Amino acid sequence: MIWPLDERNLRLLTLSLLLGAGIASAEVPPVSPTKAGEDSAGGVARIVAVAEGYLGALQERDWGRAYDYLSTPSKQLLPKQEWINSAQRKAAPPNPGSILGSLPPGADRCQVGEMTLSGSEARVALEATYSLPLEIFLAKEGEDWKIDLAASDRQMVSAMATAFSADVTAKSAGASIPPEARALLSPFIKSHRVEQVEMEAEKAKVKVVETAVVAGVLGLRRWGPFWEIVSAPVPPGAKKPAAPPKKQEQEGREWLPAPRHWRR
């Protein structure tokens with residue numbers, strides 16, 4: 001995939017474009033070693049022109065023009081109209097103001113602008129700019145260079161899976177699993193360990209850590225030039241966890257039953 005976007009990165013890119021980051025035209029970069037006899041400077045200039053043309057078409061949401069930059073094998077992945085329709089469904093730009101509250105760290109800069117105060121409410125203008133590195137692969141067809149999606153799809157899918165993995169392992173501020181998540185994970189409990197025992201008079205409390213292992217396949221789908229995650233890694237045939245007891249029943253219990261794998 002040429003455009004390293006899951007839903008979160010798409011929002012960030014849209015914000016950076018709308019707030020003025022854009023995609024700047026660059027000078028011809030340093031030339032890497034090339035085959036003997038090839039016009040290095042001229043070849044690099046043509047490659048840069050194709051890459052900038054493709055990125056410019058995506059930035060302007062001219063999906064048809066972006067498609068024309070693809071190589072022949074890449075076009076075989078999706079017919080042009082399907083490419084355009086998929087991109088239009090996926091790439092509706094969000095309102096930057098709607099995502100400011102959930103911006104992740106990593107911005108190059110975030111500038112504070114105009115502020116307004118009205119009674120107990122205030123509004124402050126922010127302008128956040130992110131750098132979103134990406135690699136574009138091209139293939140030569142005759143005398144022309146074309147965008148090669150197939151060469152970059154594996155890298156882009158791997159990057160999205162890695163980002164998904166980082167999100168799953170990130171610790172929240174509370175560092176605890178909420179009850180609804182525990183219910184979801186309970187069918188996948190594989191082991192447990194006793195960490196602490198507290199005794200007082202005729203009462204005792206045992207602190208236990210259970211280990212749940214979820215192994216499955218992460219599903220992704222192409223939407224024109226974009227990729228998105230469409231299914232989380234839950235094994236096939238996994239049973240849906242039973243609904244938790246009603247609130248009034250939970251409040252009436254002093255002791256909850258032992259976990260199912262303790263029962264003999």
# chains A, B, ... in the order shown; residues from 1 in each chain; ligands from 1
$ residues_around --residues "range 188-199 of chain A" --least-positions-apart "3" --cutoff "8 Å" --atoms "only C-alpha atoms" --output "PyMOL selection string"
chain A and resi 185+202-214
$ write_last_selection --atoms "N, CA and C atoms" --output "tab-separated table (two decimals), in the first residue's frame"
chain	number	residue	atom	x	y	z
A	185	LEU	N	-12.44	-11.58	27.49
A	185	LEU	CA	-11.22	-12.39	27.48
A	185	LEU	C	-11.35	-13.69	28.27
A	202	GLU	N	-10.96	-14.70	60.80
A	202	GLU	CA	-11.51	-15.84	60.08
A	202	GLU	C	-11.77	-15.54	58.61
A	203	LYS	N	-11.15	-14.50	58.09
A	203	LYS	CA	-11.33	-14.15	56.70
A	203	LYS	C	-9.98	-14.18	55.97
A	204	ALA	N	-10.05	-14.36	54.67
A	204	ALA	CA	-8.83	-14.39	53.86
A	204	ALA	C	-9.12	-13.82	52.47
A	205	LYS	N	-8.09	-13.29	51.85
A	205	LYS	CA	-8.21	-12.77	50.49
A	205	LYS	C	-6.99	-13.23	49.70
A	206	VAL	N	-7.25	-13.76	48.53
A	206	VAL	CA	-6.19	-14.26	47.66
A	206	VAL	C	-6.15	-13.40	46.40
A	207	LYS	N	-4.99	-12.84	46.07
A	207	LYS	CA	-4.82	-12.08	44.85
A	207	LYS	C	-4.24	-12.99	43.77
A	208	VAL	N	-4.94	-13.03	42.66
A	208	VAL	CA	-4.59	-13.95	41.58
A	208	VAL	C	-4.43	-13.17	40.28
A	209	VAL	N	-3.49	-13.58	39.45
A	209	VAL	CA	-3.34	-13.03	38.11
A	209	VAL	C	-3.61	-14.15	37.11
A	210	GLU	N	-4.62	-13.94	36.27
A	210	GLU	CA	-4.95	-14.91	35.24
A	210	GLU	C	-4.32	-14.47	33.91
A	211	THR	N	-3.93	-15.43	33.10
A	211	THR	CA	-3.33	-15.15	31.80
A	211	THR	C	-4.27	-15.63	30.70
A	212	ALA	N	-4.70	-14.69	29.86
A	212	ALA	CA	-5.56	-15.03	28.71
A	212	ALA	C	-4.74	-14.84	27.43
A	213	VAL	N	-4.82	-15.82	26.56
A	213	VAL	CA	-4.07	-15.79	25.30
A	213	VAL	C	-5.07	-15.83	24.15
A	214	VAL	N	-5.08	-14.80	23.34
A	214	VAL	CA	-5.96	-14.72	22.17
A	214	VAL	C	-5.08	-14.80	20.93
$ residues_around --residues "Pro73 in chain A" --least-positions-apart "5" --cutoff "10 Å" --atoms "only C-alpha atoms" --output "list in words"
Leu78, Ala139, Ile147, Asp148, Leu149 and Ala150 of chain A
$ write_last_selection --atoms "N, CA and C atoms" --output "CSV table (one decimal), in the first residue's frame"
chain,number,residue,atom,x,y,z
A,78,LEU,N,-7.4,-3.9,-8.7
A,78,LEU,CA,-8.7,-3.3,-8.7
A,78,LEU,C,-9.0,-2.6,-10.0
A,139,ALA,N,7.9,0.9,-10.5
A,139,ALA,CA,8.4,0.0,-11.4
A,139,ALA,C,8.5,0.6,-12.8
A,147,ILE,N,3.7,3.6,-10.3
A,147,ILE,CA,3.6,3.3,-8.9
A,147,ILE,C,3.3,1.8,-8.8
A,148,ASP,N,4.1,1.1,-8.0
A,148,ASP,CA,4.0,-0.4,-7.9
A,148,ASP,C,3.3,-0.7,-6.5
A,149,LEU,N,2.0,-0.9,-6.5
A,149,LEU,CA,1.3,-1.2,-5.2
A,149,LEU,C,1.8,-2.5,-4.6
A,150,ALA,N,2.0,-3.5,-5.5
A,150,ALA,CA,2.2,-4.9,-4.9
A,150,ALA,C,3.5,-4.9,-4.1
$ select_by_dssp --residues "range 41-129 of chain A" --states "strand (DSSP E)" --output "list in words"
Arg109, Cys110, Gln111, Val112, Gly113, Glu114, Met115, Thr116, Leu117, Ser118, Glu121, Ala122, Arg123, Val124, Ala125, Leu126, Glu127, Ala128 and Thr129 of chain A
$ closest_residue --among "A:Val44, A:Val157, A:Ala232, A:Leu138" --to "Leu70 in chain A" --atoms "only C-alpha atoms"
A:Leu138
$ closest_residue --among "A:Asp68, A:Asp108, A:Glu135, A:Asp62" --to "Ala87 in chain A" --atoms "only C-alpha atoms"
A:Asp62
$ select_by_dssp --residues "range 17-247 of chain A" --states "helix (DSSP H, G or I)" --output "PyMOL selection string"
chain A and resi 17-18+40-59+63-68+72-75+80-90+96-102+149-169+179-188+247
$ residues_around --residues "Arg61 in chain A" --least-positions-apart "2" --cutoff "10 Å" --atoms "only C-alpha atoms" --output "PyMOL selection string"
chain A and resi 55-59+63-66+84+87-88+91-93
$ atom_distance --atom1 "CA of Ala45 in chain A" --atom2 "CA of Ile136 in chain A"
14.6 Å
$ closest_residue --among "A:Asp144, A:Glu200, A:Glu228, A:Glu82" --to "Val50 in chain A" --atoms "only C-alpha atoms"
A:Asp144
$ residues_around --residues "Phe137 in chain A" --least-positions-apart "4" --cutoff "12 Å" --atoms "only C-alpha atoms" --output "PyMOL selection string"
chain A and resi 1-3+47-48+50-51+54+69-71+74+145-156
$ write_last_selection --atoms "N, CA and C atoms" --output "compact mmCIF listing (two decimals), in the first residue's frame"
# COMPACT_ATOMS: atom_id res chain seq x y z
N MET A 1 0.84 -1.20 0.00
CA MET A 1 0.00 0.00 0.00
C MET A 1 0.87 1.24 0.00
N ILE A 2 0.48 2.24 -0.73
CA ILE A 2 1.32 3.42 -0.89
C ILE A 2 1.04 4.46 0.18
N TRP A 3 -0.15 4.44 0.71
CA TRP A 3 -0.57 5.51 1.65
C TRP A 3 -0.71 4.89 3.03
N ILE A 47 11.39 9.85 -11.56
CA ILE A 47 10.78 9.10 -10.45
C ILE A 47 10.12 10.06 -9.47
N VAL A 48 10.83 11.16 -9.13
CA VAL A 48 10.27 12.14 -8.20
C VAL A 48 9.01 12.76 -8.77
N VAL A 50 6.84 11.41 -10.84
CA VAL A 50 5.74 10.45 -10.76
C VAL A 50 5.23 10.35 -9.33
N ALA A 51 6.16 10.25 -8.37
CA ALA A 51 5.76 10.13 -6.96
C ALA A 51 4.98 11.36 -6.51
N TYR A 54 1.49 11.40 -8.09
CA TYR A 54 0.59 10.45 -7.43
C TYR A 54 0.12 10.99 -6.08
N TYR A 69 -1.53 6.62 -12.43
CA TYR A 69 -0.10 6.50 -12.13
C TYR A 69 0.31 5.07 -11.79
N LEU A 70 -0.65 4.16 -11.62
CA LEU A 70 -0.33 2.81 -11.19
C LEU A 70 0.27 1.99 -12.32
N SER A 71 1.09 1.00 -11.91
CA SER A 71 1.63 0.06 -12.88
C SER A 71 0.53 -0.89 -13.36
N SER A 74 -0.44 -3.45 -10.82
CA SER A 74 -1.19 -2.81 -9.73
C SER A 74 -2.63 -2.57 -10.13
N TRP A 145 7.93 5.41 -15.59
CA TRP A 145 7.89 4.87 -14.23
C TRP A 145 6.45 4.89 -13.73
N LYS A 146 6.05 3.81 -13.05
CA LYS A 146 4.69 3.68 -12.53
C LYS A 146 4.74 3.27 -11.06
N ILE A 147 3.68 3.64 -10.33
CA ILE A 147 3.55 3.26 -8.92
C ILE A 147 3.27 1.77 -8.82
N ASP A 148 4.08 1.08 -8.01
CA ASP A 148 3.95 -0.38 -7.85
C ASP A 148 3.33 -0.68 -6.49
N LEU A 149 2.03 -0.91 -6.48
CA LEU A 149 1.34 -1.19 -5.21
C LEU A 149 1.78 -2.52 -4.61
N ALA A 150 1.95 -3.53 -5.46
CA ALA A 150 2.25 -4.87 -4.95
C ALA A 150 3.53 -4.88 -4.11
N ALA A 151 4.52 -4.06 -4.50
CA ALA A 151 5.79 -4.05 -3.77
C ALA A 151 5.66 -3.42 -2.40
N SER A 152 4.67 -2.58 -2.20
CA SER A 152 4.54 -1.87 -0.93
C SER A 152 3.43 -2.41 -0.04
N ASP A 153 2.53 -3.23 -0.58
CA ASP A 153 1.41 -3.72 0.23
C ASP A 153 1.89 -4.49 1.46
N ARG A 154 2.88 -5.37 1.28
CA ARG A 154 3.34 -6.16 2.42
C ARG A 154 3.89 -5.25 3.52
N GLN A 155 4.64 -4.23 3.13
CA GLN A 155 5.19 -3.30 4.11
C GLN A 155 4.09 -2.52 4.83
N MET A 156 3.09 -2.06 4.06
CA MET A 156 2.03 -1.26 4.66
C MET A 156 1.16 -2.10 5.60
